[in-house]
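The structure file entry01.pdb is reproduced below (PDB, C-alpha atoms).
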ATOM      1  CA  MET A 293     -42.364-171.655 105.665
ATOM      2  CA  THR A 294     -41.361-168.121 106.528
ATOM      3  CA  GLY A 295     -39.329-167.008 109.482
ATOM      4  CA  LYS A 296     -37.889-163.897 111.030
ATOM      5  CA  ILE A 297     -34.301-163.101 111.786
ATOM      6  CA  ASP A 298     -33.546-162.026 115.347
ATOM      7  CA  ASP A 299     -33.385-158.256 115.655
ATOM      8  CA  LYS A 300     -29.635-158.000 116.164
ATOM      9  CA  LYS A 301     -26.453-156.991 114.392
ATOM     10  CA  ALA A 302     -23.797-159.433 113.273
ATOM     11  CA  THR A 303     -20.702-157.810 114.709
ATOM     12  CA  PRO A 304     -18.034-159.557 112.575
ATOM     13  CA  LEU A 305     -19.634-158.545 109.269
ATOM     14  CA  LEU A 306     -20.405-155.066 110.570
ATOM     15  CA  THR A 307     -16.769-154.666 111.592
ATOM     16  CA  GLN A 308     -15.568-155.885 108.181
ATOM     17  CA  THR A 309     -17.957-153.549 106.390
ATOM     18  CA  ARG A 310     -16.928-150.481 108.362
ATOM     19  CA  ARG A 311     -13.250-151.340 107.973
ATOM     20  CA  ARG A 312     -13.556-151.755 104.233
ATOM     21  CA  LEU A 313     -15.462-148.506 103.817
ATOM     22  CA  ARG A 314     -12.763-146.689 105.807
ATOM     23  CA  GLN A 315      -9.995-148.432 103.919
ATOM     24  CA  PHE A 316     -11.282-147.229 100.576
ATOM     25  CA  ASN A 317     -12.624-143.905 101.861
ATOM     26  CA  LEU A 318     -16.183-144.725 100.856
ATOM     27  CA  ARG A 319     -19.682-144.032 102.104
ATOM     28  CA  ALA A 320     -22.863-145.858 101.248
ATOM     29  CA  ARG A 321     -24.626-144.059  98.393
ATOM     30  CA  LYS A 322     -28.291-143.772  99.319
ATOM     31  CA  GLY A 323     -29.113-142.661  95.781
ATOM     32  CA  LEU A 324     -28.072-146.132  94.602
ATOM     33  CA  GLY A 325     -29.906-147.867  97.431
ATOM     34  CA  GLN A 326     -26.685-149.083  99.057
ATOM     35  CA  HIS A 327     -27.356-150.869 102.351
ATOM     36  CA  PHE A 328     -24.729-153.503 103.120
ATOM     37  CA  LEU A 329     -25.838-156.794 104.677
ATOM     38  CA  ILE A 330     -24.083-157.392 108.012
ATOM     39  CA  ASP A 331     -25.823-160.509 109.337
ATOM     40  CA  GLU A 332     -24.194-163.914 108.856
ATOM     41  CA  GLU A 333     -27.461-165.761 109.478
ATOM     42  CA  VAL A 334     -29.159-163.905 106.648
ATOM     43  CA  LEU A 335     -26.273-164.715 104.308
ATOM     44  CA  LYS A 336     -26.666-168.394 105.158
ATOM     45  CA  LEU A 337     -30.418-168.260 104.484
ATOM     46  CA  ILE A 338     -29.865-166.697 101.065
ATOM     47  CA  ILE A 339     -27.252-169.272 100.128
ATOM     48  CA  SER A 340     -29.450-172.118 101.383
ATOM     49  CA  ALA A 341     -32.484-170.856  99.435
ATOM     50  CA  ALA A 342     -30.432-170.712  96.230
ATOM     51  CA  GLU A 343     -29.596-174.442  96.506
ATOM     52  CA  LEU A 344     -26.182-173.936  94.955
ATOM     53  CA  THR A 345     -24.152-176.579  93.140
ATOM     54  CA  THR A 346     -20.837-176.476  91.321
ATOM     55  CA  THR A 347     -22.709-176.547  87.994
ATOM     56  CA  ASP A 348     -24.647-173.359  88.758
ATOM     57  CA  ILE A 349     -24.242-170.045  86.986
ATOM     58  CA  ILE A 350     -25.231-167.159  89.244
ATOM     59  CA  MET A 351     -26.089-163.595  88.296
ATOM     60  CA  GLU A 352     -25.777-161.237  91.237
ATOM     61  CA  ILE A 353     -27.019-157.662  90.987
ATOM     62  CA  GLY A 354     -25.592-154.952  93.216
ATOM     63  CA  PRO A 355     -22.860-156.936  95.023
ATOM     64  CA  GLY A 356     -21.842-153.960  97.150
ATOM     65  CA  LEU A 357     -18.691-154.896  99.049
ATOM     66  CA  GLY A 358     -18.856-158.516  97.888
ATOM     67  CA  MET A 359     -19.788-160.293 101.130
ATOM     68  CA  LEU A 360     -22.537-162.328  99.437
ATOM     69  CA  THR A 361     -20.434-162.699  96.281
ATOM     70  CA  LYS A 362     -17.724-164.558  98.208
ATOM     71  CA  GLU A 363     -20.211-167.057  99.614
ATOM     72  CA  LEU A 364     -21.720-167.602  96.163
ATOM     73  CA  ALA A 365     -18.284-168.124  94.625
ATOM     74  CA  LYS A 366     -17.412-170.770  97.206
ATOM     75  CA  GLN A 367     -20.298-172.992  96.125
ATOM     76  CA  ALA A 368     -21.338-172.077  92.566
ATOM     77  CA  GLY A 369     -19.546-172.880  89.325
ATOM     78  CA  TRP A 370     -19.535-169.324  87.951
ATOM     79  CA  VAL A 371     -20.672-165.990  89.393
ATOM     80  CA  ILE A 372     -21.433-162.990  87.206
ATOM     81  CA  THR A 373     -21.777-159.975  89.457
ATOM     82  CA  VAL A 374     -23.119-156.735  87.997
ATOM     83  CA  GLU A 375     -22.357-153.463  89.803
ATOM     84  CA  LEU A 376     -23.242-149.948  88.622
ATOM     85  CA  ASP A 377     -20.973-148.060  91.044
ATOM     86  CA  SER A 378     -17.496-147.886  89.481
ATOM     87  CA  LYS A 379     -15.862-147.196  92.866
ATOM     88  CA  LEU A 380     -17.270-150.428  94.265
ATOM     89  CA  VAL A 381     -16.177-152.276  91.131
ATOM     90  CA  ALA A 382     -12.580-151.204  91.780
ATOM     91  CA  ILE A 383     -12.835-152.568  95.334
ATOM     92  CA  LEU A 384     -14.430-155.818  94.193
ATOM     93  CA  LYS A 385     -11.639-156.446  91.711
ATOM     94  CA  GLN A 386      -9.194-156.301  94.612
ATOM     95  CA  THR A 387     -11.160-158.175  97.264
ATOM     96  CA  LEU A 388     -12.378-160.923  94.921
ATOM     97  CA  ALA A 389      -9.094-161.362  93.068
ATOM     98  CA  SER A 390      -8.504-164.761  94.677
ATOM     99  CA  PHE A 391     -11.691-166.188  93.120
ATOM    100  CA  SER A 392     -11.149-167.454  89.584
ATOM    101  CA  ASN A 393     -14.859-168.108  89.034
ATOM    102  CA  VAL A 394     -16.142-164.525  89.437
ATOM    103  CA  ALA A 395     -16.740-162.064  86.584
ATOM    104  CA  ILE A 396     -17.297-158.433  87.619
ATOM    105  CA  ILE A 397     -19.356-156.344  85.205
ATOM    106  CA  ASN A 398     -19.499-152.550  85.599
ATOM    107  CA  LYS A 399     -22.851-151.818  83.957
ATOM    108  CA  ASP A 400     -26.523-151.137  84.608
ATOM    109  CA  ILE A 401     -28.253-154.529  84.772
ATOM    110  CA  LEU A 402     -31.318-153.063  83.058
ATOM    111  CA  GLU A 403     -29.186-152.396  79.979
ATOM    112  CA  ILE A 404     -27.884-155.962  79.798
ATOM    113  CA  ASP A 405     -29.679-158.796  78.024
ATOM    114  CA  PRO A 406     -29.131-161.945  80.150
ATOM    115  CA  ALA A 407     -28.775-164.172  77.071
ATOM    116  CA  THR A 408     -26.137-161.879  75.567
ATOM    117  CA  LEU A 409     -24.227-161.758  78.852
ATOM    118  CA  LEU A 410     -24.237-165.559  79.113
ATOM    119  CA  ARG A 411     -22.967-165.883  75.533
ATOM    120  CA  GLU A 412     -20.154-163.439  76.298
ATOM    121  CA  GLN A 413     -19.143-165.367  79.418
ATOM    122  CA  LYS A 414     -19.600-168.875  78.008
ATOM    123  CA  ALA A 415     -15.966-169.389  76.972
ATOM    124  CA  ARG A 416     -14.846-168.751  80.555
ATOM    125  CA  PHE A 417     -17.191-171.255  82.218
ATOM    126  CA  PRO A 418     -15.534-174.257  83.884
ATOM    127  CA  ALA A 419     -15.974-177.582  82.092
ATOM    128  CA  VAL A 420     -18.412-178.834  84.739
ATOM    129  CA  ILE A 421     -21.039-176.350  83.492
ATOM    130  CA  ASP A 422     -22.837-178.158  80.662
ATOM    131  CA  SER A 423     -25.916-175.904  80.453
ATOM    132  CA  PRO A 424     -24.550-172.408  79.728
ATOM    133  CA  PHE A 425     -27.994-170.799  79.519
ATOM    134  CA  ASN A 426     -29.346-172.149  82.808
ATOM    135  CA  TYR A 427     -28.725-169.632  85.549
ATOM    136  CA  LYS A 428     -29.993-168.350  88.881
ATOM    137  CA  VAL A 429     -30.362-164.777  90.098
ATOM    138  CA  VAL A 430     -29.227-164.164  93.685
ATOM    139  CA  ALA A 431     -29.129-160.593  94.930
ATOM    140  CA  ASN A 432     -29.707-158.021  97.617
ATOM    141  CA  LEU A 433     -31.644-155.668  95.354
ATOM    142  CA  PRO A 434     -31.647-151.882  95.662
ATOM    143  CA  TYR A 435     -35.216-151.050  96.690
ATOM    144  CA  TYR A 436     -35.730-148.299  94.157
ATOM    145  CA  ILE A 437     -35.318-150.588  91.135
ATOM    146  CA  THR A 438     -36.766-153.843  92.486
ATOM    147  CA  SER A 439     -39.782-153.915  90.162
ATOM    148  CA  PRO A 440     -37.814-153.023  86.985
ATOM    149  CA  ILE A 441     -35.222-155.713  87.759
ATOM    150  CA  LEU A 442     -37.903-158.322  88.387
ATOM    151  CA  ARG A 443     -39.599-157.425  85.112
ATOM    152  CA  HIS A 444     -36.237-157.443  83.309
ATOM    153  CA  PHE A 445     -35.559-161.071  84.221
ATOM    154  CA  LEU A 446     -39.130-162.390  84.157
ATOM    155  CA  GLU A 447     -39.631-161.070  80.624
ATOM    156  CA  ALA A 448     -36.153-161.963  79.343
ATOM    157  CA  SER A 449     -35.791-164.283  76.358
ATOM    158  CA  VAL A 450     -33.645-166.529  78.571
ATOM    159  CA  LYS A 451     -35.119-166.558  82.068
ATOM    160  CA  PRO A 452     -33.441-167.718  85.276
ATOM    161  CA  GLN A 453     -34.365-171.021  86.902
ATOM    162  CA  ILE A 454     -34.936-169.315  90.226
ATOM    163  CA  MET A 455     -34.512-165.887  91.774
ATOM    164  CA  VAL A 456     -33.496-165.485  95.409
ATOM    165  CA  ILE A 457     -33.632-161.792  96.176
ATOM    166  CA  MET A 458     -33.727-159.442  99.132
ATOM    167  CA  VAL A 459     -36.564-156.956  98.721
ATOM    168  CA  GLN A 460     -38.577-154.552 100.840
ATOM    169  CA  LYS A 461     -40.909-156.453 103.173
ATOM    170  CA  GLU A 462     -44.068-154.821 101.805
ATOM    171  CA  VAL A 463     -43.017-155.602  98.230
ATOM    172  CA  ALA A 464     -42.441-159.274  99.076
ATOM    173  CA  GLU A 465     -45.858-159.489 100.713
ATOM    174  CA  ALA A 466     -47.474-157.838  97.702
ATOM    175  CA  ILE A 467     -45.797-160.335  95.357
ATOM    176  CA  VAL A 468     -47.013-163.428  97.253
ATOM    177  CA  ALA A 469     -50.534-162.030  97.760
ATOM    178  CA  GLU A 470     -53.571-164.227  97.157
ATOM    179  CA  PRO A 471     -56.889-163.289  95.520
ATOM    180  CA  GLY A 472     -58.514-160.561  97.576
ATOM    181  CA  GLN A 473     -55.232-158.647  97.786
ATOM    182  CA  MET A 474     -53.831-159.143  94.309
ATOM    183  CA  SER A 475     -52.141-156.327  92.382
ATOM    184  CA  VAL A 476     -50.484-155.827  89.007
ATOM    185  CA  LEU A 477     -47.180-156.711  90.707
ATOM    186  CA  SER A 478     -48.381-160.017  92.176
ATOM    187  CA  ILE A 479     -50.013-161.039  88.902
ATOM    188  CA  SER A 480     -46.874-160.054  86.965
ATOM    189  CA  VAL A 481     -44.664-162.314  89.088
ATOM    190  CA  GLN A 482     -47.104-165.200  89.592
ATOM    191  CA  PHE A 483     -47.715-165.324  85.833
ATOM    192  CA  TYR A 484     -44.089-166.405  85.394
ATOM    193  CA  GLY A 485     -43.262-168.241  88.600
ATOM    194  CA  LYS A 486     -44.114-169.346  92.115
ATOM    195  CA  PRO A 487     -42.990-166.839  94.781
ATOM    196  CA  MET A 488     -42.500-167.539  98.462
ATOM    197  CA  ILE A 489     -41.068-165.572 101.375
ATOM    198  CA  ILE A 490     -38.109-167.397 102.924
ATOM    199  CA  SER A 491     -37.645-165.066 105.891
ATOM    200  CA  TYR A 492     -38.232-161.536 107.110
ATOM    201  CA  VAL A 493     -35.107-159.468 107.750
ATOM    202  CA  PRO A 494     -35.069-156.489 110.165
ATOM    203  CA  ALA A 495     -33.539-153.193 109.050
ATOM    204  CA  GLN A 496     -30.809-153.603 111.695
ATOM    205  CA  CYS A 497     -29.291-156.418 109.620
ATOM    206  CA  PHE A 498     -27.943-153.775 107.217
ATOM    207  CA  TYR A 499     -25.400-150.979 107.431
ATOM    208  CA  PRO A 500     -26.504-148.295 107.197
ATOM    209  CA  ALA A 501     -29.942-149.475 108.317
ATOM    210  CA  PRO A 502     -32.739-148.654 105.836
ATOM    211  CA  GLU A 503     -36.013-147.171 107.038
ATOM    212  CA  VAL A 504     -37.959-150.377 106.370
ATOM    213  CA  ASP A 505     -37.618-154.088 107.017
ATOM    214  CA  SER A 506     -36.818-156.534 104.233
ATOM    215  CA  ALA A 507     -37.618-160.081 103.195
ATOM    216  CA  ILE A 508     -35.805-162.853 101.341
ATOM    217  CA  LEU A 509     -38.006-163.801  98.402
ATOM    218  CA  ARG A 510     -37.571-166.931  96.291
ATOM    219  CA  VAL A 511     -39.278-167.196  92.898
ATOM    220  CA  GLU A 512     -39.262-170.538  91.080
ATOM    221  CA  LEU A 513     -39.843-169.800  87.413
ATOM    222  CA  TYR A 514     -42.140-171.960  85.307
ATOM    223  CA  SER A 515     -41.052-173.307  81.922
ATOM    224  CA  GLN A 516     -44.269-171.807  80.546
ATOM    225  CA  PRO A 517     -46.582-169.110  81.949
ATOM    226  CA  ALA A 518     -48.889-170.319  84.707
ATOM    227  CA  VAL A 519     -51.967-169.771  82.540
ATOM    228  CA  ALA A 520     -52.881-170.306  78.894
ATOM    229  CA  VAL A 521     -51.940-166.904  77.509
ATOM    230  CA  THR A 522     -50.128-166.657  74.184
ATOM    231  CA  ASP A 523     -49.570-162.890  74.178
ATOM    232  CA  ALA A 524     -48.230-161.531  77.448
ATOM    233  CA  THR A 525     -48.269-157.941  76.201
ATOM    234  CA  SER A 526     -52.012-157.793  75.563
ATOM    235  CA  PHE A 527     -52.681-159.849  78.691
ATOM    236  CA  PHE A 528     -50.941-157.310  80.926
ATOM    237  CA  GLU A 529     -52.614-154.428  79.085
ATOM    238  CA  LEU A 530     -55.916-155.967  80.156
ATOM    239  CA  VAL A 531     -54.703-156.490  83.729
ATOM    240  CA  ARG A 532     -53.455-152.906  84.026
ATOM    241  CA  ALA A 533     -56.774-151.679  82.672
ATOM    242  CA  GLY A 534     -58.571-153.719  85.332
ATOM    243  CA  PHE A 535     -56.530-152.052  88.062
ATOM    244  CA  SER A 536     -56.682-148.571  86.518
ATOM    245  CA  ALA A 537     -59.502-147.403  88.779
ATOM    246  CA  SER A 538     -58.550-148.238  92.340
ATOM    247  CA  ARG A 539     -61.233-149.961  94.428
ATOM    248  CA  LYS A 540     -63.815-149.745  91.645
ATOM    249  CA  GLN A 541     -65.897-152.649  90.445
ATOM    250  CA  ILE A 542     -64.206-154.603  87.639
ATOM    251  CA  GLY A 543     -66.921-153.640  85.150
ATOM    252  CA  ASN A 544     -66.306-149.944  85.734
ATOM    253  CA  SER A 545     -62.512-150.126  85.908
ATOM    254  CA  LEU A 546     -62.188-152.163  82.710
ATOM    255  CA  ALA A 547     -64.492-149.807  80.847
ATOM    256  CA  GLN A 548     -62.434-146.852  82.055
ATOM    257  CA  GLY A 549     -59.061-148.481  81.517
ATOM    258  CA  LEU A 550     -59.844-149.798  78.041
ATOM    259  CA  ARG A 551     -61.846-146.702  77.078
ATOM    260  CA  LEU A 552     -64.803-148.817  76.064
ATOM    261  CA  PRO A 553     -68.495-148.303  76.703
ATOM    262  CA  LYS A 554     -69.581-150.208  79.780
ATOM    263  CA  GLY A 555     -72.263-151.814  77.649
ATOM    264  CA  GLU A 556     -69.550-153.565  75.637
ATOM    265  CA  VAL A 557     -67.584-154.705  78.689
ATOM    266  CA  LEU A 558     -70.425-156.251  80.721
ATOM    267  CA  PRO A 559     -71.345-159.008  78.201
ATOM    268  CA  LEU A 560     -67.683-160.024  77.967
ATOM    269  CA  LEU A 561     -67.416-160.275  81.740
ATOM    270  CA  GLU A 562     -70.538-162.430  81.756
ATOM    271  CA  LYS A 563     -69.069-164.673  79.059
ATOM    272  CA  ALA A 564     -65.938-165.079  81.188
ATOM    273  CA  GLY A 565     -68.077-165.981  84.195
ATOM    274  CA  ILE A 566     -67.012-162.922  86.193
ATOM    275  CA  VAL A 567     -69.551-160.871  88.135
ATOM    276  CA  PRO A 568     -69.032-157.190  87.159
ATOM    277  CA  GLN A 569     -69.433-156.052  90.782
ATOM    278  CA  ARG A 570     -66.206-157.825  91.825
ATOM    279  CA  ARG A 571     -62.960-155.903  92.191
ATOM    280  CA  ALA A 572     -59.715-156.488  90.310
ATOM    281  CA  GLU A 573     -57.775-157.518  93.418
ATOM    282  CA  ALA A 574     -60.212-160.413  93.991
ATOM    283  CA  LEU A 575     -59.701-162.099  90.607
ATOM    284  CA  THR A 576     -57.515-165.187  90.338
ATOM    285  CA  LEU A 577     -54.809-165.583  87.705
ATOM    286  CA  ASP A 578     -57.000-168.173  85.951
ATOM    287  CA  GLU A 579     -59.893-165.704  85.836
ATOM    288  CA  TRP A 580     -57.660-163.037  84.299
ATOM    289  CA  ALA A 581     -56.590-165.564  81.667
ATOM    290  CA  GLN A 582     -60.197-166.483  80.934
ATOM    291  CA  LEU A 583     -61.087-162.810  80.666
ATOM    292  CA  TRP A 584     -58.169-162.219  78.301
ATOM    293  CA  GLN A 585     -59.297-165.098  76.092
ATOM    294  CA  VAL A 586     -62.830-163.680  75.901
ATOM    295  CA  PHE A 587     -61.615-160.154  75.101
ATOM    296  CA  THR A 588     -59.150-161.524  72.521
ATOM    297  CA  ARG A 589     -61.833-163.532  70.735
ATOM    298  CA  ALA A 590     -64.149-160.525  70.785
ATOM    299  CA  GLY A 591     -61.439-158.360  69.262
ATOM    300  CA  GLU A 592     -60.737-160.924  66.543
ATOM    301  CA  SER A 593     -64.420-161.168  65.655
ATOM    302  CA  THR A 594     -64.626-157.415  65.052
ATOM    303  CA  CYS A 595     -61.601-157.340  62.739
TER
END
For this file, produce the structure as structure tokens.
Amino acid sequence: MTGKIDDKKATPLLTQTRRRLRQFNLRARKGLGQHFLIDEEVLKLIISAAELTTTDIIMEIGPGLGMLTKELAKQAGWVITVELDSKLVAILKQTLASFSNVAIINKDILEIDPATLLREQKARFPAVIDSPFNYKVVANLPYYITSPILRHFLEASVKPQIMVIMVQKEVAEAIVAEPGQMSVLSISVQFYGKPMIISYVPAQCFYPAPEVDSAILRVELYSQPAVAVTDATSFFELVRAGFSASRKQIGNSLAQGLRLPKGEVLPLLEKAGIVPQRRAEALTLDEWAQLWQVFTRAGESTC
């Protein structure tokens, strides 16, 4: 069930945020998508959605001033927080010094392999953590790198159990879309896990307020892809080809995207049970998988 946070500011967190920025002579860096969460209710929703236990390993991306990090550290076994801004890292090392279960990493998350990071941190985990490669991602993501970060974790060799992330409202709605409004993004996420919107979050819940509203998105990852596809790379090449010609019929867009004669594409669509006049956004994940299987078999038969 989705909800909506009241359109108000949480004064205590706003006061803390402003004070800390003044204390360290800092300003939010728009180029890094820095918008600090100032609503206690939203923090509680994120923590609740993550279903934290003392055996959990959390990866947080873009901790900002560490407000969410503190709440994670209170309930999780180990928190690995990754921050690109070196000035914020210096602040976090001071403000989170009292937490012995927080590791602060000053790097670009897109340049870090989750499995490697877990191996590096393993020796520091408390004894209660008996599954050092099971982890959750909890984060207020910078809007401008939301899709790359999602792809980074969904395609990782060691994937998270769940992701609870703050994203732009329109992006969250695109991710949870159903057939009729599907996109490469929704297929890319739903291939790996089940997404759901926990709550909508107004722009006023951040300081400084962004130009758009947000949403808390939870993705429960599957142990195996949702459909019977053995090669994700070729599967998504087919999907991208299907969406290459916006609003065109699937027969035309696939022919264009794959650079194949339409006469070769139409029989394969028929074999997959897909009417060529349909559009890519209307196909289900199962239909894409069936189409991939047909195209794969056709390719093997011509080798």
Check your understanding: Selected by the PyMOL selection byres ((chain A and resi 550-561) around 10) in the shown coordinates: which residues, as a list of chain:residue names?
Key ->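 Selected by the PyMOL selection byres ((chain A and resi 550-561) around 10) in this file: A:Glu529, A:Leu530, A:Arg532, A:Ala533, A:Gly534, A:Ser536, A:Ile542, A:Gly543, A:Asn544, A:Ser545, A:Leu546, A:Ala547, A:Gln548, A:Gly549, A:Glu562, A:Lys563, A:Ala564, A:Gly565, A:Ile566, A:Val567, A:Pro568, A:Gln582, A:Leu583, A:Trp584, A:Gln585, A:Val586, A:Phe587, A:Arg589, A:Ala590.
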Exercise for review: Quick one: apply the PyMOL selection byres ((chain A and resi 344-351) around 8) to the file and drop the selected residues here as a PyMOL selection string.
Suggested key: chain A and resi 339-340+342-343+352-353+364+367-374+420-422+424+426-431
Restricting the output to C-alpha atoms, write the selected residues as an mmCIF file, in the coordinates of the input.
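Result saved to result33.cif:
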data_model
loop_
_atom_site.group_PDB
_atom_site.id
_atom_site.type_symbol
_atom_site.label_atom_id
_atom_site.label_comp_id
_atom_site.auth_asym_id
_atom_site.auth_seq_id
_atom_site.Cartn_x
_atom_site.Cartn_y
_atom_site.Cartn_z
ATOM 1 C CA ILE A 339 -27.252 -169.272 100.128
ATOM 2 C CA SER A 340 -29.450 -172.118 101.383
ATOM 3 C CA ALA A 342 -30.432 -170.712 96.230
ATOM 4 C CA GLU A 343 -29.596 -174.442 96.506
ATOM 5 C CA GLU A 352 -25.777 -161.237 91.237
ATOM 6 C CA ILE A 353 -27.019 -157.662 90.987
ATOM 7 C CA LEU A 364 -21.720 -167.602 96.163
ATOM 8 C CA GLN A 367 -20.298 -172.992 96.125
ATOM 9 C CA ALA A 368 -21.338 -172.077 92.566
ATOM 10 C CA GLY A 369 -19.546 -172.880 89.325
ATOM 11 C CA TRP A 370 -19.535 -169.324 87.951
ATOM 12 C CA VAL A 371 -20.672 -165.990 89.393
ATOM 13 C CA ILE A 372 -21.433 -162.990 87.206
ATOM 14 C CA THR A 373 -21.777 -159.975 89.457
ATOM 15 C CA VAL A 374 -23.119 -156.735 87.997
ATOM 16 C CA VAL A 420 -18.412 -178.834 84.739
ATOM 17 C CA ILE A 421 -21.039 -176.350 83.492
ATOM 18 C CA ASP A 422 -22.837 -178.158 80.662
ATOM 19 C CA PRO A 424 -24.550 -172.408 79.728
ATOM 20 C CA ASN A 426 -29.346 -172.149 82.808
ATOM 21 C CA TYR A 427 -28.725 -169.632 85.549
ATOM 22 C CA LYS A 428 -29.993 -168.350 88.881
ATOM 23 C CA VAL A 429 -30.362 -164.777 90.098
ATOM 24 C CA VAL A 430 -29.227 -164.164 93.685
ATOM 25 C CA ALA A 431 -29.129 -160.593 94.930
#
Exercise for review: Can you pull out every residue within 7 Å of stretch 460-474 of chain A, counting all atoms listed in the file, but drop anything in the same chain fewer than 2 positions away, and send it as a PyMOL selection string?
Suggested key: chain A and resi 435+477-479+481+487-489+492+504-507+509+573-576
Review point. Looking at all atoms listed in the file, which of A:Asn432, A:Ser439, A:Gln496, A:Ser491 is the one that sits closest to A:Ile330?
Key: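 Closest residue, counting all atoms listed in the file: A:Gln496.
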Would you compute the box with edges along x, y and z of the file around stretch 493-508 of chain A, including every atom the file lists for it and 8 Å extra on each side, and give its centre and edge lengths in Å to one decimal, as lines of an AutoDock Vina configuration file?
center_x = -31.7
center_y = -155.0
center_z = 106.5
size_x = 28.6
size_y = 31.7
size_z = 26.4
Exercise for review: Give me the result of the PyMOL selection byres ((chain A and resi 517) around 12) on this file, residue by residue, as an MDAnalysis selection string.
Suggested key: chainID A and resid 446:447 451 479:486 512:516 518:524 527 577:578 581
Check your understanding: Between A:Ala365, A:Val456, A:Ala407, A:Ala448, which has the minimum distance to A:Ala389 (counting all atoms listed in the file)?
Key ->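 Looking only at the distances to A:Ala389, the closest residue turns out to be A:Ala365.
Computed from the coordinates, the atom CA of A:Val511 to atom CA of A:Tyr499 distance equals 25.8 Å.
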File contents for stretch 564-587 of chain A with C-alpha atoms as a PDB file, in the first residue's frame:
ATOM      1  CA  ALA A 564       6.271 -16.147 -29.968  1.00  0.00           C
ATOM      2  CA  GLY A 565       2.522 -15.544 -30.106  1.00  0.00           C
ATOM      3  CA  ILE A 566       2.879 -11.759 -30.272  1.00  0.00           C
ATOM      4  CA  VAL A 567       0.784  -9.700 -32.681  1.00  0.00           C
ATOM      5  CA  PRO A 568       3.189  -7.406 -34.611  1.00  0.00           C
ATOM      6  CA  GLN A 569       0.793  -4.448 -34.312  1.00  0.00           C
ATOM      7  CA  ARG A 570       1.255  -4.299 -30.516  1.00  0.00           C
ATOM      8  CA  ARG A 571       3.621  -1.792 -28.940  1.00  0.00           C
ATOM      9  CA  ALA A 572       6.643  -2.533 -26.765  1.00  0.00           C
ATOM     10  CA  GLU A 573       5.157  -0.903 -23.663  1.00  0.00           C
ATOM     11  CA  ALA A 574       2.220  -3.354 -23.770  1.00  0.00           C
ATOM     12  CA  LEU A 575       4.300  -6.547 -23.607  1.00  0.00           C
ATOM     13  CA  THR A 576       4.594  -8.454 -20.340  1.00  0.00           C
ATOM     14  CA  LEU A 577       7.912  -9.652 -18.936  1.00  0.00           C
ATOM     15  CA  ASP A 578       6.902 -13.231 -19.807  1.00  0.00           C
ATOM     16  CA  GLU A 579       6.234 -12.206 -23.410  1.00  0.00           C
ATOM     17  CA  TRP A 580       9.656 -10.567 -23.662  1.00  0.00           C
ATOM     18  CA  ALA A 581      11.205 -13.785 -22.357  1.00  0.00           C
ATOM     19  CA  GLN A 582       9.273 -15.859 -24.879  1.00  0.00           C
ATOM     20  CA  LEU A 583      10.344 -13.505 -27.647  1.00  0.00           C
ATOM     21  CA  TRP A 584      13.969 -13.746 -26.525  1.00  0.00           C
ATOM     22  CA  GLN A 585      13.796 -17.542 -26.576  1.00  0.00           C
ATOM     23  CA  VAL A 586      12.408 -17.517 -30.126  1.00  0.00           C
ATOM     24  CA  PHE A 587      15.034 -15.050 -31.377  1.00  0.00           C
TER      25      PHE A 587
END
